[in-house]
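Working notes, structure below.
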Amino acid sequence: MTTDDNTTVDVDTQRAQKFLDGLRQEREIYGLLGKLSEQQAAILSNGVSDEILQLAQAKEAELLRISEVEGDLQPLKQEWKVLRERIDESLRAEIDGELAEIEVLLKRLIDLEAEGQRNVDMQVRKTSAKLRQVDGGRKLQRAYGTGAANAKPRYLDRSE
């Protein structure tokens, strides 16, 4: 092997190691996002609360982090197929393992977000139903009552 070949292998190994480090960061962030989504689902299943805003802010911060890491990794992801063939098997296996773990985390995250959306939709339906009941009660009061606090409702007032 010539010096040029060794230099190419070293550069490829360094780039692959950088890719692996970035993938590990992504996996960590996606794991945190998953935990936040689990907390969100638990909170939403018990009704909407102020904690949702805090979770949304925490998730937004993690999404910003993932965007930064993704931006750094984009060139390496684009050249991964070529780079993959030029690095040793153990490093290739580590990177493939990280990619597989990230895929699992992303699928889980999608499922958790879908569950959270279903919980939000259910809360909206419950709240809408309660509002319709309140509005219906007001209409009944207007229809059968005079609205004065001490007045008898018309359907009970037989003095007329």
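By convention in this document, the chains of the structure tokens carry letters A, B, ... by their order, each chain's residues are numbered from 1, and ligands are numbered from 1 in the order they are shown.
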
_Close residues, Arg118 (chain A) itself excluded, 12 Å, only C-alpha atoms, min 6 positions apart in chain, as a list in words_ =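 Neighbouring residues, sequence-local ones excluded: Gln40, Ala41, Leu44, Ser45, Asp111, Leu112, Val124 and Arg125 of chain A.
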
_Show me, as a PyMOL selection string, the residues that have an atom within 12 Å of Gln123 (chain A) when counting only C-alpha atoms, minus same-chain residues fewer than 4 positions from it._
chain A and resi 41+43-49+116-119+127-130

*Would you list the contacts of Glu26 (chain A) as a VMD selection string, taking every protein, DNA or RNA residue within 8 Å and counting only C-alpha atoms, but skipping same-chain residues closer than 5 positions in sequence?*
chain A and resid 66 69 to 70 102

*Have a look at CA of Val9 (chain A) and CA of Pro75 (chain A) and let me know their distance in Å, one decimal.*
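Separation between CA of Val9 (chain A) and CA of Pro75 (chain A): 18.1 Å.
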
*asked:* I'd like to know which residues of chain A are alpha helix (DSSP H) (by DSSP, run on the backbone); could you write them as a PyMOL selection string?
replied: chain A and resi 3-45+51-78+80-86+89-144

*Residue neighbourhood Arg84 (chain A), 10 Å, only C-alpha atoms, exclusion window fewer than 6 positions, as number ranges by chain*: A: 12-13, 16, 91-93, 95-96

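Counting only C-alpha atoms and comparing A:Leu23, A:Leu64, A:Ile110, A:Leu73, the residue that lies closest to Gly97 (chain A) is A:Leu23.
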
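One distance worth recording is that between CA of Leu76 (chain A) and CA of Phe19 (chain A), which is 6.3 Å.
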